[in-house]
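> One structure follows; several queries about it will come next.
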Amino acid sequence: MTVEEMTKRINELYHKSQAEGLTEAEKEEQKELRQVYVANVRANLRGQLNNISIVEKDGSVTDLGKKFGNKKDE
């Protein structure tokens with residue numbers, strides 16, 4: 001399932017929950033979709049942050065991905 005499809009389905013379930021409520025199966029689907037979506041966002045953010053380099057005042061370059069990256073999700 002693509003991110004767009006996932007987002008669309010999450011929104012459909014949200015609007016249905018506000019209008020008429022969800023069945024237990026739909027609540028479980030919504031929970032799982034949200035967990036996958038949040039994990040995807042975290043992975044994308046971690047990937048972006050791992051590609052950041054800082055140029056220090058002395059001219060040296062600190063690669064934050066090598067210094068802090070590649071850690072397991074906490």
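Each chain in the structure tokens gets a letter, A, B and so on, in the order shown; residues start at 1 in every chain, and ligands are counted from 1 in the order they appear.
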If DSSP is run on the backbone, what residues of chain A are strand (DSSP E)? A reply as a VMD selection string would be ideal.
chain A and resid 53 to 55 61 to 63
> DSSP on the backbone, then: every residue of chain A marked alpha helix (DSSP H), written as a VMD selection string.
chain A and resid 3 to 19 24 to 49 64 to 67
> Please indicate the distance in Å from CA of Met6 in chain A to CA of Asn51 in chain A, rounded to one decimal place.
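Interatomic distance, CA of Met6 in chain A to CA of Asn51 in chain A: 26.6 Å.
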> Which neighbours of Leu64 in chain A fall inside 12 Å, counting only C-alpha atoms, when residues of the same chain fewer than 5 positions from it are skipped, and could you give them as a list in words?
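Residues meeting the cut-off are Arg46, Gly47, Gln48, Leu49, Asn50, Asn51, Ile52, Ser53, Ile54, Val55, Glu56, Gly69, Asn70 and Lys71 of chain A.
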> Deliver the residues from the most recent selection as a file, using all heavy atoms, as a JSON list (two decimals), in the first residue's frame.

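part-v7.json was written with the following content:
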```json
[["chain", "number", "residue", "atom", "x", "y", "z"],
["A", 46, "ARG", "N", 14.52, 10.19, 10.03],
["A", 46, "ARG", "CA", 15.84, 9.71, 10.44],
["A", 46, "ARG", "C", 16.80, 9.70, 9.26],
["A", 46, "ARG", "O", 17.96, 10.10, 9.36],
["A", 46, "ARG", "CB", 15.75, 8.32, 11.05],
["A", 46, "ARG", "CG", 17.08, 7.83, 11.60],
["A", 46, "ARG", "CD", 16.95, 6.56, 12.40],
["A", 46, "ARG", "NE", 16.01, 6.65, 13.50],
["A", 46, "ARG", "CZ", 16.26, 7.20, 14.68],
["A", 46, "ARG", "NH1", 17.44, 7.73, 14.90],
["A", 46, "ARG", "NH2", 15.35, 7.22, 15.63],
["A", 47, "GLY", "N", 16.31, 9.28, 8.09],
["A", 47, "GLY", "CA", 17.13, 9.27, 6.89],
["A", 47, "GLY", "C", 17.59, 10.68, 6.51],
["A", 47, "GLY", "O", 18.74, 10.89, 6.13],
["A", 48, "GLN", "N", 16.70, 11.65, 6.62],
["A", 48, "GLN", "CA", 17.06, 13.03, 6.32],
["A", 48, "GLN", "C", 18.06, 13.57, 7.33],
["A", 48, "GLN", "O", 19.03, 14.22, 6.96],
["A", 48, "GLN", "CB", 15.81, 13.91, 6.30],
["A", 48, "GLN", "CG", 14.91, 13.65, 5.12],
["A", 48, "GLN", "CD", 13.63, 14.48, 5.16],
["A", 48, "GLN", "OE1", 13.40, 15.23, 6.11],
["A", 48, "GLN", "NE2", 12.80, 14.35, 4.15],
["A", 49, "LEU", "N", 17.83, 13.30, 8.59],
["A", 49, "LEU", "CA", 18.73, 13.81, 9.62],
["A", 49, "LEU", "C", 20.12, 13.18, 9.53],
["A", 49, "LEU", "O", 21.12, 13.83, 9.82],
["A", 49, "LEU", "CB", 18.14, 13.57, 11.01],
["A", 49, "LEU", "CG", 16.88, 14.38, 11.34],
["A", 49, "LEU", "CD1", 16.32, 13.95, 12.69],
["A", 49, "LEU", "CD2", 17.15, 15.86, 11.32],
["A", 50, "ASN", "N", 20.18, 11.93, 9.09],
["A", 50, "ASN", "CA", 21.47, 11.25, 8.95],
["A", 50, "ASN", "C", 22.30, 11.83, 7.80],
["A", 50, "ASN", "O", 23.48, 11.55, 7.70],
["A", 50, "ASN", "CB", 21.29, 9.75, 8.76],
["A", 50, "ASN", "CG", 20.95, 9.05, 10.05],
["A", 50, "ASN", "OD1", 21.16, 9.57, 11.14],
["A", 50, "ASN", "ND2", 20.40, 7.86, 9.94],
["A", 51, "ASN", "N", 21.68, 12.61, 6.93],
["A", 51, "ASN", "CA", 22.40, 13.21, 5.81],
["A", 51, "ASN", "C", 22.81, 14.65, 6.07],
["A", 51, "ASN", "O", 23.23, 15.35, 5.15],
["A", 51, "ASN", "CB", 21.55, 13.14, 4.54],
["A", 51, "ASN", "CG", 21.48, 11.73, 4.00],
["A", 51, "ASN", "OD1", 22.46, 11.02, 4.01],
["A", 51, "ASN", "ND2", 20.31, 11.32, 3.56],
["A", 52, "ILE", "N", 22.71, 15.11, 7.30],
["A", 52, "ILE", "CA", 23.06, 16.48, 7.64],
["A", 52, "ILE", "C", 24.51, 16.55, 8.09],
["A", 52, "ILE", "O", 24.96, 15.73, 8.88],
["A", 52, "ILE", "CB", 22.15, 17.03, 8.76],
["A", 52, "ILE", "CG1", 20.72, 17.16, 8.25],
["A", 52, "ILE", "CG2", 22.66, 18.38, 9.27],
["A", 52, "ILE", "CD1", 19.73, 17.57, 9.31],
["A", 53, "SER", "N", 25.22, 17.53, 7.56],
["A", 53, "SER", "CA", 26.60, 17.79, 7.98],
["A", 53, "SER", "C", 26.67, 19.23, 8.46],
["A", 53, "SER", "O", 26.05, 20.12, 7.88],
["A", 53, "SER", "CB", 27.57, 17.60, 6.82],
["A", 53, "SER", "OG", 27.55, 16.27, 6.39],
["A", 54, "ILE", "N", 27.42, 19.45, 9.52],
["A", 54, "ILE", "CA", 27.56, 20.78, 10.10],
["A", 54, "ILE", "C", 29.00, 21.24, 9.89],
["A", 54, "ILE", "O", 29.95, 20.51, 10.19],
["A", 54, "ILE", "CB", 27.23, 20.77, 11.59],
["A", 54, "ILE", "CG1", 25.76, 20.39, 11.80],
["A", 54, "ILE", "CG2", 27.52, 22.13, 12.22],
["A", 54, "ILE", "CD1", 25.37, 20.26, 13.24],
["A", 55, "VAL", "N", 29.14, 22.46, 9.38],
["A", 55, "VAL", "CA", 30.47, 23.05, 9.24],
["A", 55, "VAL", "C", 30.76, 23.82, 10.52],
["A", 55, "VAL", "O", 30.05, 24.77, 10.87],
["A", 55, "VAL", "CB", 30.55, 23.98, 8.01],
["A", 55, "VAL", "CG1", 31.92, 24.62, 7.92],
["A", 55, "VAL", "CG2", 30.20, 23.23, 6.74],
["A", 56, "GLU", "N", 31.77, 23.39, 11.24],
["A", 56, "GLU", "CA", 32.13, 24.00, 12.52],
["A", 56, "GLU", "C", 32.86, 25.33, 12.28],
["A", 56, "GLU", "O", 33.27, 25.64, 11.16],
["A", 56, "GLU", "CB", 33.03, 23.06, 13.32],
["A", 56, "GLU", "CG", 32.43, 21.69, 13.59],
["A", 56, "GLU", "CD", 31.23, 21.69, 14.52],
["A", 56, "GLU", "OE1", 31.02, 22.69, 15.24],
["A", 56, "GLU", "OE2", 30.51, 20.69, 14.54],
["A", 69, "GLY", "N", 23.91, 8.91, 13.90],
["A", 69, "GLY", "CA", 22.95, 8.11, 13.13],
["A", 69, "GLY", "C", 23.15, 6.62, 13.28],
["A", 69, "GLY", "O", 23.98, 6.14, 14.06],
["A", 70, "ASN", "N", 22.38, 5.92, 12.47],
["A", 70, "ASN", "CA", 22.45, 4.47, 12.41],
["A", 70, "ASN", "C", 22.17, 3.79, 13.75],
["A", 70, "ASN", "O", 22.67, 2.72, 14.02],
["A", 70, "ASN", "CB", 23.81, 4.01, 11.86],
["A", 70, "ASN", "CG", 24.10, 4.63, 10.51],
["A", 70, "ASN", "OD1", 23.20, 4.78, 9.70],
["A", 70, "ASN", "ND2", 25.33, 4.99, 10.28],
["A", 71, "LYS", "N", 21.37, 4.45, 14.59],
["A", 71, "LYS", "CA", 20.97, 3.85, 15.86],
["A", 71, "LYS", "C", 19.61, 3.19, 15.65],
["A", 71, "LYS", "O", 18.81, 3.61, 14.83],
["A", 71, "LYS", "CB", 20.86, 4.91, 16.96],
["A", 71, "LYS", "CG", 22.19, 5.51, 17.34],
["A", 71, "LYS", "CD", 22.03, 6.49, 18.46],
["A", 71, "LYS", "CE", 23.36, 7.10, 18.84],
["A", 71, "LYS", "NZ", 23.23, 8.09, 19.90]]
```
> Within 12 Å of Lys16 in chain A, counting only C-alpha atoms, which residues qualify if same-chain residues fewer than 5 places away don't, as a list in words?
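Listing them by chain and then by number gives Arg9, Ile10, Asn11, Gly21, Leu22, Thr23, Glu26, Lys27 and Gln30 of chain A.
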> Would you mind exporting N, CA and C atoms of the selected residues as an mmCIF file, in the first residue's frame?

```
data_model
loop_
_atom_site.group_PDB
_atom_site.id
_atom_site.type_symbol
_atom_site.label_atom_id
_atom_site.label_comp_id
_atom_site.auth_asym_id
_atom_site.auth_seq_id
_atom_site.Cartn_x
_atom_site.Cartn_y
_atom_site.Cartn_z
ATOM 1 N N ARG A 9 -6.997 6.015 3.363
ATOM 2 C CA ARG A 9 -7.771 5.058 4.167
ATOM 3 C C ARG A 9 -7.849 5.505 5.625
ATOM 4 N N ILE A 10 -6.755 6.028 6.165
ATOM 5 C CA ILE A 10 -6.778 6.546 7.541
ATOM 6 C C ILE A 10 -7.816 7.652 7.657
ATOM 7 N N ASN A 11 -7.839 8.547 6.682
ATOM 8 C CA ASN A 11 -8.808 9.652 6.700
ATOM 9 C C ASN A 11 -10.242 9.147 6.555
ATOM 10 N N GLY A 21 -19.274 5.852 13.794
ATOM 11 C CA GLY A 21 -18.550 4.904 14.621
ATOM 12 C C GLY A 21 -17.935 3.791 13.778
ATOM 13 N N LEU A 22 -16.992 3.090 14.375
ATOM 14 C CA LEU A 22 -16.279 2.021 13.676
ATOM 15 C C LEU A 22 -16.554 0.680 14.326
ATOM 16 N N THR A 23 -16.474 -0.364 13.512
ATOM 17 C CA THR A 23 -16.550 -1.717 14.052
ATOM 18 C C THR A 23 -15.195 -2.028 14.691
ATOM 19 N N GLU A 26 -12.558 -2.438 12.064
ATOM 20 C CA GLU A 26 -12.121 -1.153 11.504
ATOM 21 C C GLU A 26 -11.230 -0.398 12.485
ATOM 22 N N LYS A 27 -11.540 -0.492 13.779
ATOM 23 C CA LYS A 27 -10.684 0.148 14.782
ATOM 24 C C LYS A 27 -9.290 -0.454 14.759
ATOM 25 N N GLN A 30 -7.492 0.726 11.629
ATOM 26 C CA GLN A 30 -7.068 2.119 11.816
ATOM 27 C C GLN A 30 -5.809 2.186 12.682
#
```
